[in-house]
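Listing of final-v7.cif; format and content: mmCIF, C-alpha atoms.
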data_protein
loop_
_atom_site.group_PDB
_atom_site.id
_atom_site.type_symbol
_atom_site.label_atom_id
_atom_site.label_comp_id
_atom_site.auth_asym_id
_atom_site.auth_seq_id
_atom_site.Cartn_x
_atom_site.Cartn_y
_atom_site.Cartn_z
ATOM 1 C CA MET O 1 22.222 25.810 66.598
ATOM 2 C CA TYR O 2 23.686 27.740 69.512
ATOM 3 C CA ILE O 3 21.174 30.408 70.568
ATOM 4 C CA PRO O 4 21.755 32.711 73.543
ATOM 5 C CA LYS O 5 18.389 33.349 75.211
ATOM 6 C CA GLN O 6 18.213 36.992 74.114
ATOM 7 C CA PHE O 7 18.352 35.917 70.453
ATOM 8 C CA ARG O 8 15.912 32.998 70.600
ATOM 9 C CA LYS O 9 12.696 33.430 68.611
ATOM 10 C CA GLU O 10 9.959 31.639 70.524
ATOM 11 C CA GLU O 11 6.945 32.311 68.287
ATOM 12 C CA ILE O 12 6.573 29.298 65.983
ATOM 13 C CA THR O 13 4.142 31.147 63.689
ATOM 14 C CA GLU O 14 6.784 33.818 63.043
ATOM 15 C CA ILE O 15 9.423 31.185 62.308
ATOM 16 C CA VAL O 16 7.070 29.440 59.850
ATOM 17 C CA GLU O 17 6.444 32.737 58.062
ATOM 18 C CA PHE O 18 10.197 33.358 58.002
ATOM 19 C CA ILE O 19 10.716 29.967 56.322
ATOM 20 C CA ARG O 20 8.024 30.798 53.755
ATOM 21 C CA SER O 21 9.798 34.063 52.961
ATOM 22 C CA ASN O 22 13.251 32.424 52.831
ATOM 23 C CA SER O 23 12.271 29.019 51.538
ATOM 24 C CA PHE O 24 15.381 28.171 49.517
ATOM 25 C CA GLY O 25 17.242 26.255 52.200
ATOM 26 C CA VAL O 26 20.020 23.714 52.675
ATOM 27 C CA LEU O 27 19.350 20.102 53.641
ATOM 28 C CA PHE O 28 22.125 18.537 55.749
ATOM 29 C CA SER O 29 22.575 14.853 56.564
ATOM 30 C CA GLN O 30 25.217 12.157 56.891
ATOM 31 C CA HIS O 31 25.925 10.072 53.798
ATOM 32 C CA ASP O 32 28.543 7.325 53.737
ATOM 33 C CA GLY O 33 30.028 8.721 56.943
ATOM 34 C CA MET O 34 30.431 12.230 55.565
ATOM 35 C CA PRO O 35 28.375 15.413 56.094
ATOM 36 C CA THR O 36 26.369 16.122 52.938
ATOM 37 C CA ALA O 37 24.307 19.156 51.918
ATOM 38 C CA THR O 38 21.942 20.019 49.069
ATOM 39 C CA HIS O 39 20.397 23.409 48.293
ATOM 40 C CA LEU O 40 16.648 22.972 47.817
ATOM 41 C CA PRO O 41 13.351 24.883 47.736
ATOM 42 C CA PHE O 42 11.034 23.879 50.580
ATOM 43 C CA ILE O 43 7.300 24.318 51.050
ATOM 44 C CA VAL O 44 6.257 24.528 54.705
ATOM 45 C CA SER O 45 2.776 23.765 55.997
ATOM 46 C CA VAL O 46 1.150 23.571 59.418
ATOM 47 C CA GLN O 47 -1.395 20.802 59.967
ATOM 48 C CA ASP O 48 -4.616 20.977 61.992
ATOM 49 C CA ASP O 49 -2.847 19.305 64.926
ATOM 50 C CA SER O 50 -0.130 22.028 64.800
ATOM 51 C CA SER O 51 2.472 19.620 63.421
ATOM 52 C CA ILE O 52 4.773 21.081 60.762
ATOM 53 C CA THR O 53 5.723 19.498 57.437
ATOM 54 C CA LEU O 54 8.334 20.422 54.853
ATOM 55 C CA ILE O 55 8.198 19.096 51.313
ATOM 56 C CA SER O 56 10.810 19.308 48.569
ATOM 57 C CA HIS O 57 12.399 17.227 45.812
ATOM 58 C CA MET O 58 15.881 16.501 44.526
ATOM 59 C CA ALA O 59 17.532 14.832 41.564
ATOM 60 C CA LYS O 60 17.484 11.044 41.742
ATOM 61 C CA ALA O 61 21.137 11.134 40.652
ATOM 62 C CA ASN O 62 21.965 12.881 43.938
ATOM 63 C CA PRO O 63 22.990 10.044 46.312
ATOM 64 C CA GLN O 64 22.016 11.967 49.455
ATOM 65 C CA TRP O 65 18.386 10.811 49.304
ATOM 66 C CA LYS O 66 19.347 7.134 49.539
ATOM 67 C CA THR O 67 20.293 7.426 53.215
ATOM 68 C CA LEU O 68 17.857 10.136 54.314
ATOM 69 C CA HIS O 69 15.205 7.685 55.480
ATOM 70 C CA SER O 70 17.496 6.155 58.113
ATOM 71 C CA GLN O 71 18.343 9.298 60.086
ATOM 72 C CA SER O 72 17.248 12.738 61.201
ATOM 73 C CA ALA O 73 18.042 15.521 58.746
ATOM 74 C CA LEU O 74 18.547 19.253 59.238
ATOM 75 C CA ALA O 75 17.089 21.969 57.005
ATOM 76 C CA VAL O 76 18.673 25.412 57.404
ATOM 77 C CA PHE O 77 17.072 28.658 56.266
ATOM 78 C CA THR O 78 18.945 31.959 56.239
ATOM 79 C CA GLY O 79 17.447 35.423 56.018
ATOM 80 C CA PRO O 80 18.797 38.973 55.910
ATOM 81 C CA HIS O 81 22.204 39.589 57.459
ATOM 82 C CA ALA O 82 24.629 42.473 57.866
ATOM 83 C CA TYR O 83 28.036 43.307 59.312
ATOM 84 C CA VAL O 84 28.048 45.595 62.353
ATOM 85 C CA SER O 85 31.238 47.584 63.034
ATOM 86 C CA ALA O 86 32.311 48.170 66.629
ATOM 87 C CA SER O 87 33.119 51.767 65.649
ATOM 88 C CA TRP O 88 29.386 52.463 65.298
ATOM 89 C CA TYR O 89 28.806 52.013 69.035
ATOM 90 C CA GLU O 90 31.091 55.011 69.716
ATOM 91 C CA GLU O 91 32.129 53.398 72.996
ATOM 92 C CA GLU O 92 35.149 51.534 74.307
ATOM 93 C CA ASN O 93 35.236 47.794 75.008
ATOM 94 C CA THR O 94 32.989 46.797 72.126
ATOM 95 C CA VAL O 95 33.639 44.414 69.238
ATOM 96 C CA SER O 96 32.313 44.042 65.719
ATOM 97 C CA THR O 97 29.677 41.410 64.997
ATOM 98 C CA TRP O 98 27.202 40.119 62.452
ATOM 99 C CA ASN O 99 23.432 40.521 62.790
ATOM 100 C CA TYR O 100 21.213 37.953 61.097
ATOM 101 C CA LEU O 101 18.052 35.846 61.102
ATOM 102 C CA SER O 102 18.024 32.081 60.655
ATOM 103 C CA ALA O 103 15.902 29.008 61.297
ATOM 104 C CA HIS O 104 16.950 25.375 61.763
ATOM 105 C CA VAL O 105 14.447 22.561 61.292
ATOM 106 C CA LEU O 106 15.143 18.990 62.397
ATOM 107 C CA GLY O 107 13.043 16.012 61.369
ATOM 108 C CA LYS O 108 12.674 12.586 59.793
ATOM 109 C CA ILE O 109 12.260 12.402 56.029
ATOM 110 C CA GLU O 110 9.971 10.152 54.025
ATOM 111 C CA ILE O 111 11.132 9.444 50.468
ATOM 112 C CA VAL O 112 8.351 9.879 47.900
ATOM 113 C CA GLN O 113 8.604 8.088 44.556
ATOM 114 C CA ASP O 114 5.099 7.328 43.287
ATOM 115 C CA ASP O 115 4.073 9.517 40.362
ATOM 116 C CA GLU O 116 0.917 11.043 41.838
ATOM 117 C CA SER O 117 2.606 12.107 45.060
ATOM 118 C CA LEU O 118 5.588 13.471 43.155
ATOM 119 C CA LYS O 119 3.289 15.524 40.928
ATOM 120 C CA GLN O 120 1.502 16.880 43.988
ATOM 121 C CA ILE O 121 4.826 18.026 45.456
ATOM 122 C CA LEU O 122 5.768 19.680 42.167
ATOM 123 C CA LYS O 123 2.343 21.324 41.889
ATOM 124 C CA GLU O 124 2.505 22.761 45.416
ATOM 125 C CA THR O 125 6.034 24.002 44.750
ATOM 126 C CA THR O 126 5.329 25.680 41.424
ATOM 127 C CA ASP O 127 2.012 27.147 42.603
ATOM 128 C CA PHE O 128 3.803 28.711 45.574
ATOM 129 C CA TYR O 129 6.597 30.304 43.552
ATOM 130 C CA GLU O 130 4.396 31.309 40.621
ATOM 131 C CA GLN O 131 1.555 32.813 42.665
ATOM 132 C CA GLU O 132 2.559 36.442 42.119
ATOM 133 C CA PHE O 133 3.344 36.137 38.407
ATOM 134 C CA GLU O 134 1.050 37.719 35.871
ATOM 135 C CA ASN O 135 0.953 34.516 33.801
ATOM 136 C CA PRO O 136 1.821 31.699 36.218
ATOM 137 C CA TRP O 137 3.119 28.391 34.885
ATOM 138 C CA LYS O 138 0.669 25.615 35.808
ATOM 139 C CA LEU O 139 1.748 22.006 36.129
ATOM 140 C CA GLU O 140 -1.640 20.779 34.946
ATOM 141 C CA ASP O 141 -1.080 22.553 31.609
ATOM 142 C CA HIS O 142 2.174 20.650 31.007
ATOM 143 C CA GLU O 143 1.440 17.159 32.328
ATOM 144 C CA LYS O 144 3.102 15.286 29.469
ATOM 145 C CA THR O 145 6.350 17.184 29.953
ATOM 146 C CA VAL O 146 6.219 16.702 33.722
ATOM 147 C CA ASP O 147 5.400 12.989 33.407
ATOM 148 C CA SER O 148 8.416 12.473 31.169
ATOM 149 C CA MET O 149 10.733 13.904 33.831
ATOM 150 C CA LEU O 150 9.345 12.284 36.985
ATOM 151 C CA ASN O 151 11.764 9.375 36.818
ATOM 152 C CA GLY O 152 14.634 11.820 37.354
ATOM 153 C CA ILE O 153 13.565 13.065 40.791
ATOM 154 C CA VAL O 154 12.543 11.884 44.246
ATOM 155 C CA GLY O 155 10.202 13.702 46.595
ATOM 156 C CA LEU O 156 10.994 14.511 50.201
ATOM 157 C CA LYS O 157 8.541 14.931 53.049
ATOM 158 C CA MET O 158 9.928 15.959 56.434
ATOM 159 C CA GLN O 159 7.884 15.524 59.590
ATOM 160 C CA VAL O 160 9.338 18.274 61.730
ATOM 161 C CA GLU O 161 10.519 17.314 65.210
ATOM 162 C CA LYS O 162 12.212 20.544 66.291
ATOM 163 C CA VAL O 163 12.248 24.158 65.123
ATOM 164 C CA ASP O 164 14.782 26.768 66.250
ATOM 165 C CA GLY O 165 14.749 30.430 65.304
ATOM 166 C CA LYS O 166 17.576 32.891 65.904
ATOM 167 C CA TRP O 167 16.986 36.631 65.488
ATOM 168 C CA LYS O 168 20.334 38.311 66.321
ATOM 169 C CA LEU O 169 19.616 42.054 66.311
ATOM 170 C CA ASN O 170 21.792 43.578 69.052
ATOM 171 C CA GLN O 171 19.104 42.806 71.659
ATOM 172 C CA HIS O 172 21.757 42.735 74.411
ATOM 173 C CA HIS O 173 22.907 46.304 73.735
ATOM 174 C CA SER O 174 21.539 49.561 75.111
ATOM 175 C CA THR O 175 18.906 51.563 73.250
ATOM 176 C CA VAL O 176 21.467 54.256 72.443
ATOM 177 C CA ARG O 177 23.855 51.714 70.906
ATOM 178 C CA LYS O 178 21.043 50.144 68.883
ATOM 179 C CA GLN O 179 20.031 53.539 67.521
ATOM 180 C CA ARG O 180 23.621 54.264 66.482
ATOM 181 C CA VAL O 181 23.869 50.910 64.709
ATOM 182 C CA ILE O 182 20.530 51.458 62.941
ATOM 183 C CA GLU O 183 21.651 54.882 61.751
ATOM 184 C CA GLN O 184 24.870 53.470 60.315
ATOM 185 C CA LEU O 185 23.213 50.425 58.733
ATOM 186 C CA LYS O 186 20.874 52.716 56.804
ATOM 187 C CA LYS O 187 23.933 54.278 55.150
ATOM 188 C CA GLN O 188 25.357 50.948 53.979
ATOM 189 C CA THR O 189 24.859 49.189 50.655
ATOM 190 C CA HIS O 190 26.601 45.913 51.554
ATOM 191 C CA TYR O 191 24.724 42.714 52.395
ATOM 192 C CA ASP O 192 21.173 43.301 53.742
ATOM 193 C CA SER O 193 22.074 46.296 55.879
ATOM 194 C CA ASN O 194 18.893 48.288 55.231
ATOM 195 C CA GLU O 195 16.646 45.330 56.014
ATOM 196 C CA ILE O 196 18.521 44.573 59.241
ATOM 197 C CA ALA O 197 18.134 48.237 60.188
ATOM 198 C CA ARG O 198 14.390 47.979 59.592
ATOM 199 C CA LEU O 199 14.111 44.815 61.698
ATOM 200 C CA MET O 200 16.147 46.383 64.491
ATOM 201 C CA GLU O 201 13.825 49.389 64.476
ATOM 202 C CA MET O 202 10.795 47.111 64.688
ATOM 203 C CA ASP O 203 12.335 45.242 67.606
ATOM 204 C CA LEU O 204 13.284 48.510 69.324
ATOM 205 C CA ASN O 205 9.756 49.881 68.935
ATOM 206 C CA LYS O 206 8.273 46.636 70.201
ATOM 207 C CA THR O 207 10.542 46.693 73.242
ATOM 208 C CA SER O 208 9.787 50.324 74.044
ATOM 209 C CA LYS O 209 6.030 49.698 73.848
ATOM 210 C CA GLY O 210 6.344 46.597 75.991
#
Full structure transcribed into structure tokens:
Amino acid sequence: MYIPKQFRKEEITEIVEFIRSNSFGVLFSQHDGMPTATHLPFIVSVQDDSSITLISHMAKANPQWKTLHSQSALAVFTGPHAYVSASWYEEENTVSTWNYLSAHVLGKIEIVQDDESLKQILKETTDFYEQEFENPWKLEDHEKTVDSMLNGIVGLKMQVEKVDGKWKLNQHHSTVRKQRVIEQLKKQTHYDSNEIARLMEMDLNKTSKG
């Protein structure tokens, strides 16, 4: 991912939290000489040695998994985004743009097919997404159903080799321009304009305190 230095997010802990909050990503790889992508939920964890792991699963009928073990794969996570009109700057020689947050994760993938490991991946996944529900669905309460479906999936475990975070929030513009953009974003209903405005305000406050 191309990242100008003013947009690069250096703090790995913040990128990990971003992935947790935007965990439905896209897994890219080469299959039969063609770029291939699958939309998947990912669970991210940080080990005691600070290494990072992503786990997921996909349908066994999806041919992408058959060549994943032989190459590096890329997982892409996108967050809030919003269009920024050049008219909001109220100055000449400006152009429109798009503000957004994203993370790219590169690593080697281990294919998981034994039943116990597959069930562990499914348990971690469902526990994560069900944790805020009043009556969460528990894998251990439905083992027979889960067991009957295990043959239809494969598990994926990525050992992360590189993490890139891009927070594009008009960092290269003046404070006055940023304030004008924030004001206009708060009036919009398209895309994630209000959330981008909030993040820009946080960044502006952080910069002013620094």
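Near range 37-51 of chain O, within 9 Å and counting only C-alpha atoms, sit Val16, Glu17, Ile19, Arg20, Ser23, Phe24, Gly25, Val26, Leu27, Phe28, Ser29, Gln30, His57, Met58, Asn62, Gln64, Ile121, Glu124, Thr125, Phe128, Gln159, Val160 and Glu161 of chain O, not including residues fewer than 6 positions from it in the same chain.
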Output for the residues just chosen: C-alpha atoms as a short mmCIF file (atom, residue, chain, number, x, y, z; two decimals), in the frame of the given file:
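Once everything was written out, this is selection.cif:
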data_model
loop_
_atom_site.label_atom_id
_atom_site.label_comp_id
_atom_site.auth_asym_id
_atom_site.auth_seq_id
_atom_site.Cartn_x
_atom_site.Cartn_y
_atom_site.Cartn_z
CA VAL O 16 7.07 29.44 59.85
CA GLU O 17 6.44 32.74 58.06
CA ILE O 19 10.72 29.97 56.32
CA ARG O 20 8.02 30.80 53.76
CA SER O 23 12.27 29.02 51.54
CA PHE O 24 15.38 28.17 49.52
CA GLY O 25 17.24 26.26 52.20
CA VAL O 26 20.02 23.71 52.68
CA LEU O 27 19.35 20.10 53.64
CA PHE O 28 22.12 18.54 55.75
CA SER O 29 22.58 14.85 56.56
CA GLN O 30 25.22 12.16 56.89
CA HIS O 57 12.40 17.23 45.81
CA MET O 58 15.88 16.50 44.53
CA ASN O 62 21.96 12.88 43.94
CA GLN O 64 22.02 11.97 49.46
CA ILE O 121 4.83 18.03 45.46
CA GLU O 124 2.50 22.76 45.42
CA THR O 125 6.03 24.00 44.75
CA PHE O 128 3.80 28.71 45.57
CA GLN O 159 7.88 15.52 59.59
CA VAL O 160 9.34 18.27 61.73
CA GLU O 161 10.52 17.31 65.21
#
Residues of range 58-155 of chain O that approach range 175-188 of chain O to 10 Å or less, counting all atoms listed in the file: could you list each one with the shortest pair of atoms and its distance in Å to one decimal, rows by chain and increasing residue number, as a Markdown table?
| residue | atom | partner | partner_atom | distance |
| --- | --- | --- | --- | --- |
| O:Ala82 | CA | O:Leu185 | CA | 8.1 |
| O:Tyr83 | CA | O:Leu185 | CA | 8.6 |
| O:Val84 | CA | O:Val181 | CA | 7.2 |
| O:Ser85 | CA | O:Val181 | CA | 8.3 |
| O:Ala86 | CA | O:Val181 | CA | 9.1 |
| O:Ser87 | CA | O:Val181 | CA | 9.3 |
| O:Trp88 | CA | O:Val181 | CA | 5.8 |
| O:Tyr89 | CA | O:Arg177 | CA | 5.3 |
| O:Glu90 | CA | O:Arg177 | CA | 8.0 |
| O:Glu91 | CA | O:Arg177 | CA | 8.7 |
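When all atoms listed in the file are used to compute distances to Val146 in chain O, the closest of the residues O:Lys119, O:Lys162, O:His172, O:His31 turns out to be O:Lys119.
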Kindly provide, as a ChimeraX atom specification, the polymer residues lying within 10 Å of (20.8, 33.3, 69.9), counting all atoms listed in the file and using the coordinates exactly as they appear in the file.
/O:1-9,100-102,164-169,171
Return as AutoDock Vina command-line options the box centre and box size in Å, one decimal, for an axis-aligned box around all listed atoms of range 52-67 of chain O padded by 3 Å per side.
--center_x 13.9 --center_y 14.1 --center_z 50.7 --size_x 24.2 --size_y 19.9 --size_z 26.1
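Nearest to Leu74 in chain O of all the residues O:Ile153, O:Met158, O:Asn93, O:Thr126 is O:Met158, counting only C-alpha atoms.
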Give as a list in words every residue, naming chains and numbers as the document does, that has an atom within 10 Å of (14.9, 45.5, 59.6), counting only C-alpha atoms.
Pro80, His81, Tyr100, Leu169, Ile182, Leu185, Lys186, Asp192, Ser193, Asn194, Glu195, Ile196, Ala197, Arg198, Leu199, Met200, Glu201, Met202 and Asp203 of chain O
Can you tell me, as a JSON list (two decimals) with C-alpha atoms, in the coordinates of the input, what residues are no more than 6 Å from Glu110 in chain O when counting only C-alpha atoms, ignoring any on the same chain fewer than 4 positions away?
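Saved the output as out19.json:
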[["chain", "number", "residue", "atom", "x", "y", "z"],
["O", 69, "HIS", "CA", 15.20, 7.68, 55.48],
["O", 156, "LEU", "CA", 10.99, 14.51, 50.20],
["O", 157, "LYS", "CA", 8.54, 14.93, 53.05]]
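Pairwise distance (CA of Asn22 in chain O, CA of Gly155 in chain O) equals 20.0 Å.
Around Val154 in chain O, within 8 Å and counting all atoms listed in the file, the residues found are O:His57, O:Met58, O:Ala59, O:Lys60, O:Trp65, O:Ile111, O:Val112, O:Gln113, O:Leu118, once anything fewer than 5 positions away on its own chain is removed.
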Go through O:Asn99, O:Glu130, O:Ala61, O:Val163 one by one, measure the shortest atom-to-atom distance of each to Glu11 in chain O using all atoms listed in the file, and give the residue with the smallest value.
O:Val163
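Here CA of Thr78 in chain O is placed at a distance of 25.9 Å from CA of Thr94 in chain O.
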Which one of O:Glu134, O:Asp32, O:Glu10, O:Glu143 sits closest to Leu122 in chain O if you count only C-alpha atoms?
O:Glu143
Neighbour list for Ser72 in chain O as a ChimeraX atom specification, cut-off 7 Å, only C-alpha atoms, skip fewer than 6 positions in-chain
/O:106-108
Could you write out the selected residues, including C-alpha atoms, as a CSV table (one decimal), in the coordinates of the input?
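part-v2.csv, freshly written:
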chain,number,residue,atom,x,y,z
O,106,LEU,CA,15.1,19.0,62.4
O,107,GLY,CA,13.0,16.0,61.4
O,108,LYS,CA,12.7,12.6,59.8
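The smallest atom-to-atom distance between Asp127 in chain O and any of O:Ala73, O:Leu139, O:Ile15, O:Val105, using only C-alpha atoms, is found for O:Leu139.
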To one decimal in Å, tell me the separation between CA of Ala103 in chain O and CA of Phe133 in chain O.
27.1 Å
With all atoms listed in the file as the basis for distance, which of O:Ile52, O:Ile109, O:Val95, O:Ile12 is at the shortest distance from Lys66 in chain O?
O:Ile109
Could I see range 168-194 of chain O restored to N, CA, C and O atoms, set down as a short mmCIF file (atom, residue, chain, number, x, y, z; two decimals), in the coordinates of the input?
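Output below, filename selection.cif:
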data_model
loop_
_atom_site.label_atom_id
_atom_site.label_comp_id
_atom_site.auth_asym_id
_atom_site.auth_seq_id
_atom_site.Cartn_x
_atom_site.Cartn_y
_atom_site.Cartn_z
N LYS O 168 19.22 37.61 65.65
CA LYS O 168 20.33 38.31 66.32
C LYS O 168 20.34 39.77 65.85
O LYS O 168 20.79 40.07 64.74
N LEU O 169 19.83 40.66 66.70
CA LEU O 169 19.62 42.05 66.31
C LEU O 169 20.10 43.01 67.40
O LEU O 169 19.44 44.02 67.69
N ASN O 170 21.22 42.72 68.00
CA ASN O 170 21.79 43.58 69.05
C ASN O 170 20.87 43.74 70.26
O ASN O 170 20.91 44.76 70.96
N GLN O 171 20.05 42.70 70.54
CA GLN O 171 19.10 42.81 71.66
C GLN O 171 19.80 43.05 73.00
O GLN O 171 19.19 43.62 73.91
N HIS O 172 21.05 42.63 73.13
CA HIS O 172 21.76 42.74 74.41
C HIS O 172 22.47 44.07 74.58
O HIS O 172 23.17 44.27 75.58
N HIS O 173 22.29 44.98 73.64
CA HIS O 173 22.91 46.30 73.74
C HIS O 173 21.90 47.35 74.21
O HIS O 173 20.68 47.14 74.13
N SER O 174 22.41 48.48 74.65
CA SER O 174 21.54 49.56 75.11
C SER O 174 20.77 50.18 73.94
O SER O 174 21.15 50.03 72.77
N THR O 175 19.71 50.89 74.28
CA THR O 175 18.91 51.56 73.25
C THR O 175 19.75 52.55 72.46
O THR O 175 19.62 52.63 71.22
N VAL O 176 20.61 53.27 73.13
CA VAL O 176 21.47 54.26 72.44
C VAL O 176 22.37 53.56 71.43
O VAL O 176 22.52 54.02 70.29
N ARG O 177 22.99 52.46 71.83
CA ARG O 177 23.86 51.71 70.91
C ARG O 177 23.06 51.20 69.71
O ARG O 177 23.51 51.27 68.56
N LYS O 178 21.88 50.65 69.97
CA LYS O 178 21.04 50.14 68.88
C LYS O 178 20.72 51.25 67.90
O LYS O 178 20.77 51.05 66.67
N GLN O 179 20.38 52.42 68.40
CA GLN O 179 20.03 53.54 67.52
C GLN O 179 21.22 53.96 66.67
O GLN O 179 21.06 54.30 65.49
N ARG O 180 22.41 53.93 67.24
CA ARG O 180 23.62 54.26 66.48
C ARG O 180 23.87 53.25 65.38
O ARG O 180 24.23 53.60 64.25
N VAL O 181 23.68 51.97 65.71
CA VAL O 181 23.87 50.91 64.71
C VAL O 181 22.83 51.05 63.59
O VAL O 181 23.17 50.94 62.39
N ILE O 182 21.59 51.29 63.94
CA ILE O 182 20.53 51.46 62.94
C ILE O 182 20.86 52.60 61.99
O ILE O 182 20.74 52.49 60.76
N GLU O 183 21.30 53.71 62.56
CA GLU O 183 21.65 54.88 61.75
C GLU O 183 22.75 54.55 60.75
O GLU O 183 22.69 54.95 59.58
N GLN O 184 23.76 53.82 61.20
CA GLN O 184 24.87 53.47 60.32
C GLN O 184 24.46 52.42 59.28
O GLN O 184 24.88 52.49 58.12
N LEU O 185 23.66 51.45 59.68
CA LEU O 185 23.21 50.42 58.73
C LEU O 185 22.44 51.03 57.57
O LEU O 185 22.53 50.57 56.44
N LYS O 186 21.67 52.06 57.85
CA LYS O 186 20.87 52.72 56.80
C LYS O 186 21.75 53.39 55.74
O LYS O 186 21.30 53.63 54.63
N LYS O 187 23.01 53.64 56.09
CA LYS O 187 23.93 54.28 55.15
C LYS O 187 24.67 53.26 54.29
O LYS O 187 25.35 53.64 53.32
N GLN O 188 24.57 51.99 54.65
CA GLN O 188 25.36 50.95 53.98
C GLN O 188 24.63 50.39 52.75
O GLN O 188 23.40 50.42 52.67
N THR O 189 25.41 49.87 51.83
CA THR O 189 24.86 49.19 50.66
C THR O 189 25.28 47.72 50.61
O THR O 189 24.82 46.98 49.74
N HIS O 190 26.14 47.30 51.53
CA HIS O 190 26.60 45.91 51.55
C HIS O 190 25.57 45.01 52.22
O HIS O 190 24.85 45.42 53.13
N TYR O 191 25.54 43.76 51.78
CA TYR O 191 24.72 42.71 52.40
C TYR O 191 23.26 43.16 52.46
O TYR O 191 22.75 43.73 51.49
N ASP O 192 22.58 42.91 53.57
CA ASP O 192 21.17 43.30 53.74
C ASP O 192 21.06 44.36 54.83
O ASP O 192 20.18 44.31 55.69
N SER O 193 21.96 45.32 54.80
CA SER O 193 22.07 46.30 55.88
C SER O 193 20.79 47.07 56.12
O SER O 193 20.38 47.27 57.27
N ASN O 194 20.12 47.52 55.06
CA ASN O 194 18.89 48.29 55.23
C ASN O 194 17.78 47.46 55.85
O ASN O 194 17.01 47.96 56.68
#
